[in-house]
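Single-structure report; data block below.
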There are 2 protein chains.
Amino acid sequence: MTLADHATAATRSGRRADAERNRAAIIAAAGEVFAECGGGVDVREIARRSGVGMGTLYRHFPTKDELLATVLELQFNAWLTDAHQQAVATEDPWQALVGFFEQLLDNQADNRAVVESYATTGGPSESCVQRCYSLIDQVRTRCVDAGVLRTGVTTEDLFLLSGSLSQAVLTTADSHPGTWRRLLRISLDGLSSRNTEPLPEPDSAATDRALPRPAPSEMIAG
Amino acid sequence: MTLADHATAATRSGRRADAERNRAAIIAAAGEVFAECGGGVDVREIARRSGVGMGTLYRHFPTKDELLATVLELQFNAWLTDAHQQAVATEDPWQALVGFFEQLLDNQADNRAVVESYATTGGPSESCVQRCYSLIDQVRTRCVDAGVLRTGVTTEDLFLLSGSLSQAVLTTADSHPGTWRRLLRISLDGLSSRNTEPLPEPDSAATDRALPRPAPSEMIAG
DNA sequence: GAACAACAGGAGCAGGTGCTCCGCTTGATG
DNA sequence: CATCAAGCGGAGCACCTGCTCCTGTTGTTC
């Protein structure tokens, strides 16, 4: 690496080379530690594993939450991109839906922090939630058009179901690895258009309070 | 109340009357607070709400965990007894299964601590887990005998499913109250004997189908 | 190589929480 | 009513954890 390269690298990010290295090390270590222990882990553990002092860590990320959000967003977006590509590449609509769930749960099976954020809020940030919602809606619409999805199943149903199964993956990972595939299969069969009985109506109170989540059509346009 | 009665009451429990009152107040307050806030709540809040000092609280329960365990076991056993009676009283086997899930989720919808313990370990204590397992197995066997349950569904499947749905109830309680009924319906339809395809084996293909997830360090390229 | 700004590091601070200690109070007893 | 052990209350201790401060160091520039 030439001196010019060093200079360029430093200028691009506005940071010194060692700072850049440390930032990468922190993100890498935080990714591992959060995945293993969840978001509640001690920040000192991350500093230790990245070979960096507390001061350095907090220079790069002003709060623990911001570090967690950064890491989660990286991991989540990487998954979303994969999931989107896979869904597009799968011709059969129902298989696209099945593949979405399987990839989600496979991916989350060893990442506590991601499951925590996904199962409780749908993702690390509002934009991630929207992307996820939009992806699910695309897959759902294809299934509806093909007539393979149970009548009345909403994007929100699929979203909440994926969160619920995510939790199940995590809590059964140690004692019953792989059992989540059975629960997934059961749920998927319940989602098939073979089931003709209508689903119970969601609480009217819920629809009234339905907040910031834009209608699926709006998300596709954007 | 005669003096003898006082003496008897004190002797029976080995405690003074005021101590007995305080113990009851602590359990009652702890039940509410744990239900509202979960097991992570500050012990001071329980002491405050029960109108008792910290010393008194810790005189009756040597640790917070023991208090939590006591309360959870009381609540859990009360639910188990109800659930058992209801199951026995329901003649139709499938309705007994449906009723079990509905009662469980209705009951847990407003109790954070119970869900936490149920979803992660199946209950506050090993004996509770066993009672719960046993109840599920009774209902399951009736459904199997009646030919209404999908072939291959195990007691463990139903147990894990109930834990998963419990989590869903809790995480959607605020934003989407009542939506869990839709997820429950979907799951129950997937459990019906209408579904003839076999479920995946418990320990099959769990590892070889796992997709490699990019390490955080690979994701920050650029 | 010299000068300097950016950076590293870890001891220490602040706030929160489980739990204890000990002087004061009260119910049971004769 | 007097006695006193059982019981009570809450200030305080110990530990954990997010975060900061400040001194010494290192990368970058000329």
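Simple scheme: letters A, B, ... for chains in structure tokens order, numbers from 1 for residues in each chain, numbers from 1 for ligands in the order shown.
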Would you please give, as a PyMOL selection string, all residues of region 5-218 of chain A that DSSP assigns to helix (DSSP H, G or I) based on the backbone? chain A and resi 5-13+17-37+43-49+54-60+64-89+93-108+112-121+126-146+155-172+180-191+204-209+216-218
With chain A superposed on chain B by all C-alpha atoms in order, least-squares RMSD stands at 10.2 Å
- Find the residues near region 18-30 of chain B: any atom within 6 Å, counting only C-alpha atoms (C1' of nucleotides), skip ones fewer than 4 places away on the same chain, and give them as a ChimeraX atom specification. /B:34,46,49-50
Mind dumping a table of every chain A residue within 7 Å of chain C, with the nearest atom pair and its distance in Å to one decimal, using only C-alpha atoms (C1' of nucleotides), sorted by chain and rising number, as a tab-separated table?
residue	atom	partner	partner_atom	distance
A:Gly53	CA	C:DG9	C1'	4.9
A:Met54	CA	C:DG9	C1'	7.0
A:Gly55	CA	C:DG9	C1'	6.3
A:Thr56	CA	C:DA8	C1'	6.1
Report as a PDB file with C-alpha atoms, in the first residue's frame all protein, DNA and RNA residues lying within 9 Å of Gly123 (chain B), evaluated on only C-alpha atoms (C1' of nucleotides), omitting residues in the same chain fewer than 6 positions from it.
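Just written: part23.pdb:
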ATOM      1  CA  LEU B  72     -44.970 -18.141  39.506  1.00  0.00           C
ATOM      2  CA  GLU B  73     -45.670 -21.565  40.873  1.00  0.00           C
ATOM      3  CA  PHE B  76     -48.986 -21.486  37.167  1.00  0.00           C
ATOM      4  CA  VAL B 114     -45.371 -16.216  33.492  1.00  0.00           C
ATOM      5  CA  VAL B 115     -44.778 -15.978  29.763  1.00  0.00           C
ATOM      6  CA  GLU B 116     -41.068 -15.453  30.306  1.00  0.00           C
ATOM      7  CA  SER B 117     -40.812 -18.576  32.389  1.00  0.00           C
ATOM      8  CA  VAL B 129     -43.336 -28.609  33.406  1.00  0.00           C
ATOM      9  CA  CYS B 132     -48.153 -29.261  31.903  1.00  0.00           C
TER      10      CYS B 132
END
Margin query: Would you mind listing, as a PyMOL selection string, all residues of chain A that have at least one atom within 9 Å of chain D, where only C-alpha atoms (C1' of nucleotides) are what counts?
Written below: chain A and resi 7+16-18+42-44+54-55+58+62-64
### Message
Based on only C-alpha atoms, which of the residues in chain A come within 6 Å of chain B? I want them as a list in words.
### Response
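The contacting residues on chain A are Ala28, Gly31, Asp106, Thr120, Ser164, Ala168, Thr171, Gly178, Thr179, Arg182, Ile186, Ser187, Asp189, Gly190, Leu199, Pro200, Pro202, Asp203 and Ala206 of chain A.
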query = If you measure from CA of Phe101 (chain B) to CA of Leu80 (chain B), what distance in Å do you get, rounded to one decimal?
reply =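 Result for CA of Phe101 (chain B) versus CA of Leu80 (chain B): 11.9 Å, one decimal.
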Report as an mmCIF file with all heavy atoms, in the first residue's frame all protein, DNA and RNA residues lying within 9 Å of region 87-91 of chain A, evaluated on only C-alpha atoms (C1' of nucleotides), omitting residues in the same chain fewer than 3 positions from it.
data_model
loop_
_atom_site.group_PDB
_atom_site.id
_atom_site.type_symbol
_atom_site.label_atom_id
_atom_site.label_comp_id
_atom_site.auth_asym_id
_atom_site.auth_seq_id
_atom_site.Cartn_x
_atom_site.Cartn_y
_atom_site.Cartn_z
ATOM 1 N N ASP A 82 -30.149 -11.025 0.871
ATOM 2 C CA ASP A 82 -30.154 -12.444 0.509
ATOM 3 C C ASP A 82 -31.574 -12.943 0.316
ATOM 4 O O ASP A 82 -31.888 -13.620 -0.666
ATOM 5 C CB ASP A 82 -29.485 -13.274 1.617
ATOM 6 C CG ASP A 82 -27.975 -13.265 1.469
ATOM 7 O OD1 ASP A 82 -27.481 -12.638 0.511
ATOM 8 O OD2 ASP A 82 -27.302 -13.883 2.308
ATOM 9 N N ALA A 83 -32.423 -12.619 1.284
ATOM 10 C CA ALA A 83 -33.785 -13.127 1.244
ATOM 11 C C ALA A 83 -34.517 -12.620 0.009
ATOM 12 O O ALA A 83 -35.268 -13.364 -0.638
ATOM 13 C CB ALA A 83 -34.537 -12.710 2.509
ATOM 14 N N HIS A 84 -34.279 -11.357 -0.310
ATOM 15 C CA HIS A 84 -34.933 -10.781 -1.478
ATOM 16 C C HIS A 84 -34.485 -11.489 -2.754
ATOM 17 O O HIS A 84 -35.304 -11.889 -3.576
ATOM 18 C CB HIS A 84 -34.622 -9.290 -1.564
ATOM 19 C CG HIS A 84 -35.357 -8.579 -2.653
ATOM 20 N ND1 HIS A 84 -36.649 -8.145 -2.498
ATOM 21 C CD2 HIS A 84 -35.003 -8.251 -3.919
ATOM 22 C CE1 HIS A 84 -37.055 -7.563 -3.624
ATOM 23 N NE2 HIS A 84 -36.069 -7.622 -4.509
ATOM 24 N N TRP A 94 -45.386 -20.369 -3.751
ATOM 25 C CA TRP A 94 -45.458 -21.013 -2.433
ATOM 26 C C TRP A 94 -44.061 -21.373 -1.936
ATOM 27 O O TRP A 94 -43.741 -21.176 -0.755
ATOM 28 C CB TRP A 94 -46.333 -22.267 -2.489
ATOM 29 C CG TRP A 94 -46.491 -22.915 -1.157
ATOM 30 C CD1 TRP A 94 -45.872 -24.045 -0.708
ATOM 31 C CD2 TRP A 94 -47.287 -22.432 -0.069
ATOM 32 N NE1 TRP A 94 -46.240 -24.308 0.576
ATOM 33 C CE2 TRP A 94 -47.111 -23.338 1.002
ATOM 34 C CE3 TRP A 94 -48.127 -21.337 0.100
ATOM 35 C CZ2 TRP A 94 -47.756 -23.182 2.226
ATOM 36 C CZ3 TRP A 94 -48.766 -21.182 1.311
ATOM 37 C CH2 TRP A 94 -48.575 -22.089 2.361
ATOM 38 N N GLN A 95 -43.217 -21.861 -2.827
ATOM 39 C CA GLN A 95 -41.849 -22.183 -2.438
ATOM 40 C C GLN A 95 -41.082 -20.928 -2.028
ATOM 41 O O GLN A 95 -40.200 -20.969 -1.178
ATOM 42 C CB GLN A 95 -41.117 -22.910 -3.575
ATOM 43 C CG GLN A 95 -41.305 -24.422 -3.537
ATOM 44 C CD GLN A 95 -41.014 -24.991 -2.149
ATOM 45 O OE1 GLN A 95 -39.981 -24.741 -1.553
ATOM 46 N NE2 GLN A 95 -41.973 -25.761 -1.627
ATOM 47 N N ALA A 96 -41.424 -19.806 -2.635
ATOM 48 C CA ALA A 96 -40.787 -18.549 -2.246
ATOM 49 C C ALA A 96 -41.150 -18.207 -0.800
ATOM 50 O O ALA A 96 -40.305 -17.761 -0.016
ATOM 51 C CB ALA A 96 -41.213 -17.426 -3.186
ATOM 52 N N LEU A 97 -42.416 -18.460 -0.452
ATOM 53 C CA LEU A 97 -42.855 -18.201 0.925
ATOM 54 C C LEU A 97 -42.173 -19.152 1.903
ATOM 55 O O LEU A 97 -41.638 -18.730 2.939
ATOM 56 C CB LEU A 97 -44.376 -18.353 1.023
ATOM 57 C CG LEU A 97 -44.979 -18.039 2.404
ATOM 58 C CD1 LEU A 97 -44.825 -16.581 2.743
ATOM 59 C CD2 LEU A 97 -46.444 -18.455 2.463
ATOM 60 N N GLY A 99 -39.401 -20.716 1.433
ATOM 61 C CA GLY A 99 -37.977 -20.381 1.464
ATOM 62 C C GLY A 99 -37.697 -19.156 2.308
ATOM 63 O O GLY A 99 -36.690 -19.102 3.029
ATOM 64 N N PHE A 100 -38.592 -18.197 2.267
ATOM 65 C CA PHE A 100 -38.419 -16.999 3.088
ATOM 66 C C PHE A 100 -38.340 -17.364 4.562
ATOM 67 O O PHE A 100 -37.418 -16.966 5.274
ATOM 68 C CB PHE A 100 -39.569 -16.019 2.859
ATOM 69 C CG PHE A 100 -39.633 -14.929 3.886
ATOM 70 C CD1 PHE A 100 -38.791 -13.838 3.805
ATOM 71 C CD2 PHE A 100 -40.520 -15.024 4.961
ATOM 72 C CE1 PHE A 100 -38.832 -12.843 4.773
ATOM 73 C CE2 PHE A 100 -40.566 -14.036 5.926
ATOM 74 C CZ PHE A 100 -39.713 -12.941 5.836
ATOM 75 N N LEU A 135 -40.862 -6.940 1.603
ATOM 76 C CA LEU A 135 -40.473 -8.239 1.046
ATOM 77 C C LEU A 135 -41.564 -9.280 1.277
ATOM 78 O O LEU A 135 -41.965 -10.017 0.365
ATOM 79 C CB LEU A 135 -39.152 -8.699 1.688
ATOM 80 C CG LEU A 135 -38.717 -10.132 1.381
ATOM 81 C CD1 LEU A 135 -38.585 -10.345 -0.124
ATOM 82 C CD2 LEU A 135 -37.402 -10.453 2.078
ATOM 83 N N GLN A 138 -44.473 -8.707 -1.015
ATOM 84 C CA GLN A 138 -44.241 -9.179 -2.391
ATOM 85 C C GLN A 138 -44.511 -10.665 -2.507
ATOM 86 O O GLN A 138 -45.229 -11.125 -3.403
ATOM 87 C CB GLN A 138 -42.798 -8.886 -2.815
ATOM 88 C CG GLN A 138 -42.537 -7.448 -3.225
ATOM 89 C CD GLN A 138 -41.075 -7.232 -3.567
ATOM 90 O OE1 GLN A 138 -40.417 -8.127 -4.084
ATOM 91 N NE2 GLN A 138 -40.567 -6.046 -3.261
ATOM 92 N N VAL A 139 -43.923 -11.420 -1.568
ATOM 93 C CA VAL A 139 -44.081 -12.869 -1.608
ATOM 94 C C VAL A 139 -45.545 -13.239 -1.406
ATOM 95 O O VAL A 139 -46.096 -14.110 -2.082
ATOM 96 C CB VAL A 139 -43.185 -13.531 -0.536
ATOM 97 C CG1 VAL A 139 -43.417 -15.031 -0.508
ATOM 98 C CG2 VAL A 139 -41.724 -13.215 -0.793
#
In Å and to one decimal, CA of Ser193 (chain B) is distant from CA of Leu104 (chain B) by 22.4 Å
Fill in: Separation of CA of Gln75 (chain B) from CA of Glu32 (chain B) in Å
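Computing the Euclidean distance for CA of Glu32 (chain B) and CA of Gln75 (chain B) yields 10.7 Å.
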